[in-house]
Amino acid sequence: MTSTSRRGQTTGLWPIRRHLAAVVLIGLGVFAAATALLWLALGLPSAPGPDTRLNVIKVALSVVAGVGGVVALVVAYRKQRIGEAAEAREHIKVLNERFATACAQIGHEKPTVRLAGVYAMASLADEWAEQRQVCIDVLCAYLRMPYEPALDSPWYHDEETEVRFSITSVISDHLRPGAPVGWQGHEFNFLRAILRSADFADIQVTSGRLLFSLARFGRGWTSFDGMHVSGGEVWFGGATFGDGARVTFDNAEFSGGRVRFEGAAFEGGEVIFRGARFTGGEVDLSQVGPDDYTTPPVFDPWETPPPGLRLPGA
């Protein structure tokens with residue numbers, strides 16, 4: 001296969017020879033049609049004079065000249081399309097190279113390089129909408145990697161904690177109102193993630209899914225304060241809120257979508273919903289077993305649970 005044929009397939013264009021042959025055939029057809037129509041317009045003279053024949057030829061040649069202009073336009077159009085396709089291929093190549101570099105940085109042994117990789121991957125996700133989910137998956141996958149922090153103090157902070165905190169902050173920044181590039185509608189898979197300190201405050205969930213299933217919330221503070229769930233789903237199924245964990249949903253609003261805690265274990269950690277509003281969404285704690293509900297979440301006082309909140313035994 002020639003390079004011209006390959007370019008034609010890439011841009012969705014015919015090969016240049018086929019294009020030109022088609023235009024020439026069309027030009028000959030137009031010439032014949034123009035001649036015939038002029039002949040008819042002149043009343044089908046059986047023996048036209050020299051001036052008449054000359055005028056017919058002039059008009060027909062003018063039509064052919066116009067067809068030649070069309071040929072030039074076709075050639076120019078093809079050059080533009082081929083140039084655009086080459087530019088697009090080069091851009092995709094650069095994006096793939098940036099992705100590979102960011103992945104290598106995130107896997108680097110030095111925390112400072114890993115941090116650089118986190119922000120490089122987030123920047124790439126902003127720019128590369130077609131592969132944004134893949135970039136998000138890489139960031140979330142890092143949080144799913146094994147991590148056993150020293151948990152003697154809720155204020156303990158090491159380099160690895162900083163990298164993980166930066167990832168959750170980058171994700172949250174793209175889920176908050178006013179983000180230059182929003183990441184709504186995507187899936188954030190924190191399955192089995194280990195979270196000590198994380199800032200999800202004021203995020204909006206209008207679509208997509210946040211999956212904290214089987215996640216471990218350890219000694220430290222994770223904030224969902226001011227979170228607004230108006231669509232999509234947030235799952236905490238099988239999550240563990242262990243001793244020393246503090247997970248807050250203060251002033252959160254649940255106006256749509258579902259937040260599920262099926263099989264979650266409340267085993268000494270604080271889970272607090274003070275000031276939370278239930279205005280149409282559903283927060284489902286009904287599938288939490290009694291043995292896993294030794295430290296129930298804290299809500300504002302009520303006479304009856306607000307609509308949308310399903311408690312164990314309900």
# chains A, B, ... in the order shown; residues from 1 in each chain; ligands from 1
$ residues_around --residues "Thr206 in chain A" --least-positions-apart "2" --cutoff "10 Å" --atoms "only C-alpha atoms" --output "PDB file with C-alpha atoms, in the first residue's frame"
ATOM      1  CA  LEU A 175     -15.721  17.908  41.472  1.00  0.00           C
ATOM      2  CA  GLN A 184     -18.480  14.977  36.708  1.00  0.00           C
ATOM      3  CA  GLY A 185     -19.961  11.868  35.140  1.00  0.00           C
ATOM      4  CA  ILE A 203     -17.746  18.257  46.171  1.00  0.00           C
ATOM      5  CA  GLN A 204     -20.824  17.856  44.004  1.00  0.00           C
ATOM      6  CA  GLY A 208     -21.155   9.144  37.762  1.00  0.00           C
ATOM      7  CA  ARG A 209     -20.086   7.055  40.757  1.00  0.00           C
ATOM      8  CA  HIS A 228     -24.000  17.728  47.603  1.00  0.00           C
ATOM      9  CA  VAL A 229     -25.268  14.509  46.032  1.00  0.00           C
ATOM     10  CA  SER A 230     -27.841  15.387  43.385  1.00  0.00           C
ATOM     11  CA  GLY A 231     -27.355  12.441  41.041  1.00  0.00           C
ATOM     12  CA  GLY A 232     -25.158   9.435  40.503  1.00  0.00           C
ATOM     13  CA  GLU A 233     -24.183   7.137  43.347  1.00  0.00           C
ATOM     14  CA  SER A 255     -31.087  15.856  46.978  1.00  0.00           C
ATOM     15  CA  GLY A 256     -30.762  13.057  44.444  1.00  0.00           C
ATOM     16  CA  GLY A 257     -28.885   9.855  43.785  1.00  0.00           C
TER      17      GLY A 257
END
$ select_by_dssp --residues "range 170-301 of chain A" --states "strand (DSSP E or B)" --output "ChimeraX atom specification"
/A:187-189,194-195,198-199,204-205,209-211,216-217,220-223,228-235,240-241,245-248,253-260,265-266,270-272,277-278,282-284,293,298
$ residues_around --residues "Glu148 in chain A" --least-positions-apart "2" --cutoff "12 Å" --atoms "only C-alpha atoms" --output "list in words"
Leu143, Arg144, Met145, Pro146, Ala150, Leu151, Asp152, Asp158, Glu160, Thr161, Ala193, Ile194, Leu195, Arg196, Arg216, Phe217, Gly218 and Arg219 of chain A
$ write_last_selection --atoms "all heavy atoms" --output "short mmCIF file (atom, residue, chain, number, x, y, z; two decimals), in the first residue's frame"
data_model
loop_
_atom_site.label_atom_id
_atom_site.label_comp_id
_atom_site.auth_asym_id
_atom_site.auth_seq_id
_atom_site.Cartn_x
_atom_site.Cartn_y
_atom_site.Cartn_z
N LEU A 143 -4.32 4.92 45.08
CA LEU A 143 -4.88 4.86 46.43
C LEU A 143 -5.28 3.44 46.82
O LEU A 143 -5.48 3.16 48.00
CB LEU A 143 -6.11 5.78 46.52
CG LEU A 143 -5.83 7.27 46.32
CD1 LEU A 143 -7.13 8.05 46.36
CD2 LEU A 143 -4.87 7.79 47.37
N ARG A 144 -5.41 2.57 45.84
CA ARG A 144 -5.77 1.17 46.14
C ARG A 144 -4.55 0.31 46.41
O ARG A 144 -4.68 -0.87 46.77
CB ARG A 144 -6.57 0.57 44.97
CG ARG A 144 -7.88 1.30 44.69
CD ARG A 144 -8.82 0.45 43.85
NE ARG A 144 -8.24 0.05 42.59
CZ ARG A 144 -8.36 0.76 41.46
NH1 ARG A 144 -9.02 1.92 41.46
NH2 ARG A 144 -7.81 0.33 40.34
N MET A 145 -3.37 0.86 46.20
CA MET A 145 -2.15 0.10 46.47
C MET A 145 -1.96 -0.09 47.97
O MET A 145 -2.36 0.76 48.77
CB MET A 145 -0.94 0.81 45.85
CG MET A 145 -0.98 0.88 44.33
SD MET A 145 0.38 1.86 43.65
CE MET A 145 1.79 0.92 44.22
N PRO A 146 -1.38 -1.21 48.39
CA PRO A 146 -1.19 -1.48 49.82
C PRO A 146 -0.44 -0.35 50.52
O PRO A 146 0.53 0.19 50.00
CB PRO A 146 -0.37 -2.78 49.83
CG PRO A 146 -0.68 -3.43 48.52
CD PRO A 146 -0.87 -2.31 47.54
N ALA A 150 1.73 4.32 59.98
CA ALA A 150 1.81 4.28 61.43
C ALA A 150 0.59 5.03 61.98
O ALA A 150 0.38 6.19 61.66
CB ALA A 150 3.09 4.95 61.91
N LEU A 151 -0.20 4.36 62.79
CA LEU A 151 -1.48 4.92 63.22
C LEU A 151 -1.48 5.28 64.69
O LEU A 151 -2.53 5.33 65.32
CB LEU A 151 -2.60 3.92 62.91
CG LEU A 151 -2.78 3.56 61.43
CD1 LEU A 151 -3.88 2.53 61.27
CD2 LEU A 151 -3.09 4.79 60.61
N ASP A 152 -0.32 5.54 65.26
CA ASP A 152 -0.29 5.87 66.68
C ASP A 152 -0.95 7.21 66.97
O ASP A 152 -1.47 7.43 68.06
CB ASP A 152 1.17 5.91 67.18
CG ASP A 152 1.82 4.54 67.10
OD1 ASP A 152 1.06 3.54 67.10
OD2 ASP A 152 3.05 4.47 67.02
N ASP A 158 3.27 11.42 56.93
CA ASP A 158 4.53 11.09 56.28
C ASP A 158 4.44 11.44 54.81
O ASP A 158 3.44 11.97 54.33
CB ASP A 158 4.89 9.61 56.50
CG ASP A 158 3.81 8.68 55.94
OD1 ASP A 158 2.88 9.17 55.26
OD2 ASP A 158 3.89 7.47 56.19
N GLU A 160 4.28 9.54 52.15
CA GLU A 160 3.28 8.78 51.41
C GLU A 160 1.88 9.31 51.68
O GLU A 160 1.04 9.38 50.76
CB GLU A 160 3.37 7.30 51.78
CG GLU A 160 2.34 6.41 51.09
CD GLU A 160 2.46 6.39 49.58
OE1 GLU A 160 3.51 6.83 49.05
OE2 GLU A 160 1.51 5.95 48.92
N THR A 161 1.61 9.71 52.91
CA THR A 161 0.31 10.30 53.22
C THR A 161 0.10 11.57 52.41
O THR A 161 -1.01 11.83 51.93
CB THR A 161 0.22 10.62 54.72
OG1 THR A 161 0.40 9.42 55.48
CG2 THR A 161 -1.14 11.22 55.06
N ALA A 193 -9.41 1.08 49.09
CA ALA A 193 -8.42 2.14 49.35
C ALA A 193 -8.24 2.34 50.85
O ALA A 193 -9.17 2.10 51.64
CB ALA A 193 -8.87 3.45 48.71
N ILE A 194 -7.07 2.76 51.23
CA ILE A 194 -6.77 3.06 52.63
C ILE A 194 -6.65 4.57 52.75
O ILE A 194 -5.76 5.20 52.16
CB ILE A 194 -5.47 2.37 53.08
CG1 ILE A 194 -5.61 0.86 52.96
CG2 ILE A 194 -5.13 2.76 54.51
CD1 ILE A 194 -4.33 0.10 53.20
N LEU A 195 -7.59 5.17 53.48
CA LEU A 195 -7.66 6.62 53.58
C LEU A 195 -7.49 7.05 55.03
O LEU A 195 -8.24 6.62 55.90
CB LEU A 195 -9.02 7.11 53.05
CG LEU A 195 -9.30 6.78 51.57
CD1 LEU A 195 -10.74 7.11 51.23
CD2 LEU A 195 -8.35 7.54 50.66
N ARG A 196 -6.48 7.87 55.28
CA ARG A 196 -6.30 8.43 56.62
C ARG A 196 -6.79 9.87 56.65
O ARG A 196 -7.64 10.23 57.44
CB ARG A 196 -4.83 8.39 57.02
CG ARG A 196 -4.29 6.99 57.28
CD ARG A 196 -2.90 7.05 57.87
NE ARG A 196 -2.87 7.80 59.12
CZ ARG A 196 -2.28 8.97 59.27
NH1 ARG A 196 -1.69 9.56 58.25
NH2 ARG A 196 -2.29 9.58 60.44
N ARG A 216 -10.91 1.43 53.80
CA ARG A 216 -10.59 1.51 55.22
C ARG A 216 -10.31 2.95 55.59
O ARG A 216 -9.39 3.57 55.05
CB ARG A 216 -9.38 0.64 55.55
CG ARG A 216 -9.66 -0.85 55.59
CD ARG A 216 -8.37 -1.62 55.70
NE ARG A 216 -7.49 -1.08 56.75
CZ ARG A 216 -6.19 -1.34 56.84
NH1 ARG A 216 -5.62 -2.11 55.93
NH2 ARG A 216 -5.47 -0.84 57.81
N PHE A 217 -11.13 3.49 56.47
CA PHE A 217 -10.91 4.84 56.98
C PHE A 217 -10.20 4.70 58.31
O PHE A 217 -10.79 4.28 59.31
CB PHE A 217 -12.24 5.58 57.13
CG PHE A 217 -12.91 5.86 55.81
CD1 PHE A 217 -13.76 4.92 55.23
CD2 PHE A 217 -12.68 7.04 55.14
CE1 PHE A 217 -14.38 5.16 54.02
CE2 PHE A 217 -13.30 7.30 53.92
CZ PHE A 217 -14.15 6.35 53.36
N GLY A 218 -8.90 5.01 58.30
CA GLY A 218 -8.09 4.80 59.49
C GLY A 218 -8.00 6.04 60.35
O GLY A 218 -8.72 7.02 60.16
N ARG A 219 -7.11 5.99 61.30
CA ARG A 219 -6.94 7.08 62.26
C ARG A 219 -6.54 8.35 61.52
O ARG A 219 -5.49 8.44 60.90
CB ARG A 219 -5.87 6.69 63.29
CG ARG A 219 -5.72 7.68 64.43
CD ARG A 219 -4.64 7.19 65.38
NE ARG A 219 -5.02 5.95 66.02
CZ ARG A 219 -5.70 5.87 67.17
NH1 ARG A 219 -6.08 6.97 67.78
NH2 ARG A 219 -5.99 4.70 67.69
#
$ atom_distance --atom1 "CA of Tyr142 in chain A" --atom2 "CA of Asp202 in chain A"
23.0 Å
$ closest_residue --among "A:Gly244, A:Gly226, A:Gly313, A:Gly220" --to "Gly269 in chain A" --atoms "only C-alpha atoms"
A:Gly244
$ residues_around --residues "Trp302 in chain A" --least-positions-apart "5" --cutoff "12 Å" --atoms "only C-alpha atoms" --output "list of chain:residue names"
A:Arg274, A:Gly275, A:Pro307, A:Leu309
$ residues_around --residues "Ala141 in chain A" --least-positions-apart "4" --cutoff "10 Å" --atoms "only C-alpha atoms" --output "list of chain:residue names"
A:Cys135, A:Ile136, A:Asp137, A:Met145, A:Phe188, A:Asn189, A:Phe190, A:Leu191, A:Arg192, A:Ala193
$ write_last_selection --atoms "N, CA and C atoms" --output "PDB file, in the first residue's frame"
ATOM      1  N   CYS A 135      -7.015   8.370  32.833  1.00  0.00           N
ATOM      2  CA  CYS A 135      -6.155   9.155  33.732  1.00  0.00           C
ATOM      3  C   CYS A 135      -6.691   9.108  35.163  1.00  0.00           C
ATOM      4  N   ILE A 136      -8.018   9.237  35.311  1.00  0.00           N
ATOM      5  CA  ILE A 136      -8.636   9.149  36.639  1.00  0.00           C
ATOM      6  C   ILE A 136      -8.394   7.771  37.242  1.00  0.00           C
ATOM      7  N   ASP A 137      -8.499   6.731  36.420  1.00  0.00           N
ATOM      8  CA  ASP A 137      -8.284   5.364  36.913  1.00  0.00           C
ATOM      9  C   ASP A 137      -6.874   5.190  37.478  1.00  0.00           C
ATOM     10  N   MET A 145      -3.368   0.861  46.203  1.00  0.00           N
ATOM     11  CA  MET A 145      -2.150   0.096  46.466  1.00  0.00           C
ATOM     12  C   MET A 145      -1.955  -0.093  47.971  1.00  0.00           C
ATOM     13  N   PHE A 188     -15.038   6.985  39.995  1.00  0.00           N
ATOM     14  CA  PHE A 188     -13.874   7.101  40.866  1.00  0.00           C
ATOM     15  C   PHE A 188     -13.859   5.869  41.761  1.00  0.00           C
ATOM     16  N   ASN A 189     -12.958   4.972  41.458  1.00  0.00           N
ATOM     17  CA  ASN A 189     -12.951   3.660  42.095  1.00  0.00           C
ATOM     18  C   ASN A 189     -11.917   3.631  43.218  1.00  0.00           C
ATOM     19  N   PHE A 190     -12.414   3.793  44.455  1.00  0.00           N
ATOM     20  CA  PHE A 190     -11.551   3.726  45.637  1.00  0.00           C
ATOM     21  C   PHE A 190     -11.728   2.383  46.362  1.00  0.00           C
ATOM     22  N   LEU A 191     -12.078   1.356  45.625  1.00  0.00           N
ATOM     23  CA  LEU A 191     -12.285   0.029  46.199  1.00  0.00           C
ATOM     24  C   LEU A 191     -11.056  -0.411  46.984  1.00  0.00           C
ATOM     25  N   ARG A 192     -11.271  -0.724  48.255  1.00  0.00           N
ATOM     26  CA  ARG A 192     -10.216  -1.193  49.164  1.00  0.00           C
ATOM     27  C   ARG A 192      -9.131  -0.135  49.410  1.00  0.00           C
ATOM     28  N   ALA A 193      -9.408   1.085  49.088  1.00  0.00           N
ATOM     29  CA  ALA A 193      -8.424   2.145  49.350  1.00  0.00           C
ATOM     30  C   ALA A 193      -8.242   2.340  50.851  1.00  0.00           C
TER      31      ALA A 193
END
$ select_by_dssp --residues "range 107-250 of chain A" --states "alpha helix (DSSP H)" --output "number ranges by chain"
A: 111-127, 132-144, 159-173
$ write_last_selection --atoms "C-alpha atoms" --output "tab-separated table (two decimals), in the first residue's frame"
chain	number	residue	atom	x	y	z
A	111	PRO	CA	7.80	11.03	46.86
A	112	THR	CA	8.57	14.37	45.22
A	113	VAL	CA	8.61	12.74	41.80
A	114	ARG	CA	5.37	10.90	42.58
A	115	LEU	CA	3.76	14.22	43.51
A	116	ALA	CA	4.88	15.70	40.20
A	117	GLY	CA	3.35	12.72	38.43
A	118	VAL	CA	0.01	13.23	40.21
A	119	TYR	CA	-0.29	16.81	38.98
A	120	ALA	CA	0.97	15.90	35.52
A	121	MET	CA	-1.69	13.19	35.24
A	122	ALA	CA	-4.42	15.59	36.41
A	123	SER	CA	-3.32	18.19	33.85
A	124	LEU	CA	-3.40	15.56	31.13
A	125	ALA	CA	-6.90	14.47	32.17
A	126	ASP	CA	-8.07	18.07	31.81
A	127	GLU	CA	-6.71	18.29	28.27
A	132	ARG	CA	-9.92	11.31	30.93
A	133	GLN	CA	-11.38	8.21	32.57
A	134	VAL	CA	-8.10	6.34	32.05
A	135	CYS	CA	-6.15	9.15	33.73
A	136	ILE	CA	-8.64	9.15	36.64
A	137	ASP	CA	-8.28	5.36	36.91
A	138	VAL	CA	-4.51	5.70	37.32
A	139	LEU	CA	-4.90	8.22	40.15
A	140	CYS	CA	-7.49	6.09	41.94
A	141	ALA	CA	-5.43	2.93	41.45
A	142	TYR	CA	-2.59	4.51	43.40
A	143	LEU	CA	-4.88	4.86	46.43
A	144	ARG	CA	-5.77	1.17	46.14
A	159	GLU	CA	5.56	11.54	52.67
A	160	GLU	CA	3.28	8.78	51.41
A	161	THR	CA	0.31	10.30	53.22
A	162	GLU	CA	1.03	13.59	51.47
A	163	VAL	CA	1.01	11.92	48.04
A	164	ARG	CA	-2.33	10.26	48.79
A	165	PHE	CA	-3.80	13.43	50.23
A	166	SER	CA	-2.74	15.29	47.07
A	167	ILE	CA	-4.56	12.76	44.89
A	168	THR	CA	-7.83	13.14	46.80
A	169	SER	CA	-7.43	16.92	46.74
A	170	VAL	CA	-6.89	16.97	42.97
A	171	ILE	CA	-9.98	14.83	42.44
A	172	SER	CA	-12.05	16.97	44.79
A	173	ASP	CA	-10.95	20.17	43.08
$ residues_around --residues "range 288-291 of chain A" --least-positions-apart "6" --cutoff "9 Å" --atoms "only C-alpha atoms" --output "VMD selection string"
chain A and resid 237 to 238 261 to 267 311 to 313
$ write_last_selection --atoms "N, CA, C and O atoms" --output "compact mmCIF listing (two decimals), in the first residue's frame"
# COMPACT_ATOMS: atom_id res chain seq x y z
N GLY A 237 -20.27 0.58 50.59
CA GLY A 237 -20.55 -0.81 50.93
C GLY A 237 -19.32 -1.55 51.42
O GLY A 237 -18.29 -1.59 50.75
N GLY A 238 -19.41 -2.14 52.61
CA GLY A 238 -18.30 -2.90 53.16
C GLY A 238 -17.16 -2.05 53.68
O GLY A 238 -16.12 -2.58 54.10
N PHE A 261 -24.43 2.32 52.28
CA PHE A 261 -23.47 1.82 53.27
C PHE A 261 -23.68 0.33 53.50
O PHE A 261 -23.41 -0.18 54.58
N GLU A 262 -24.14 -0.38 52.52
CA GLU A 262 -24.43 -1.81 52.68
C GLU A 262 -23.19 -2.57 53.16
O GLU A 262 -22.14 -2.55 52.54
N GLY A 263 -23.34 -3.25 54.31
CA GLY A 263 -22.24 -4.05 54.84
C GLY A 263 -21.11 -3.25 55.45
O GLY A 263 -20.06 -3.82 55.78
N ALA A 264 -21.28 -1.94 55.62
CA ALA A 264 -20.23 -1.14 56.24
C ALA A 264 -20.09 -1.49 57.71
O ALA A 264 -21.02 -2.00 58.35
N ALA A 265 -18.92 -1.23 58.25
CA ALA A 265 -18.66 -1.55 59.66
C ALA A 265 -18.28 -0.27 60.40
O ALA A 265 -17.27 0.37 60.09
N PHE A 266 -19.11 0.09 61.38
CA PHE A 266 -18.85 1.26 62.23
C PHE A 266 -18.26 0.73 63.54
O PHE A 266 -18.98 0.39 64.47
N GLU A 267 -16.95 0.66 63.60
CA GLU A 267 -16.26 -0.06 64.67
C GLU A 267 -15.39 0.87 65.50
O GLU A 267 -14.22 0.57 65.75
N LEU A 311 -32.32 3.69 58.14
CA LEU A 311 -31.48 3.20 59.22
C LEU A 311 -31.56 1.68 59.36
O LEU A 311 -32.49 1.06 58.81
N PRO A 312 -30.62 1.05 60.05
CA PRO A 312 -30.69 -0.39 60.27
C PRO A 312 -32.02 -0.78 60.90
O PRO A 312 -32.54 -0.11 61.80
N GLY A 313 -32.60 -1.84 60.39
CA GLY A 313 -33.88 -2.31 60.90
C GLY A 313 -35.07 -1.66 60.24
O GLY A 313 -36.22 -2.05 60.48
$ residues_around --residues "range 91-94 of chain A" --least-positions-apart "6" --cutoff "12 Å" --atoms "only C-alpha atoms" --output "PyMOL selection string"
chain A and resi 84-85+100-101+124+127-131
$ atom_distance --atom1 "CA of Asp243 in chain A" --atom2 "CA of Met227 in chain A"
23.6 Å
$ atom_distance --atom1 "CA of Leu214 in chain A" --atom2 "CA of Val247 in chain A"
15.0 Å
$ closest_residue --among "A:Phe99, A:Phe278, A:Tyr293, A:Trp221" --to "Asp199 in chain A" --atoms "only C-alpha atoms"
A:Trp221
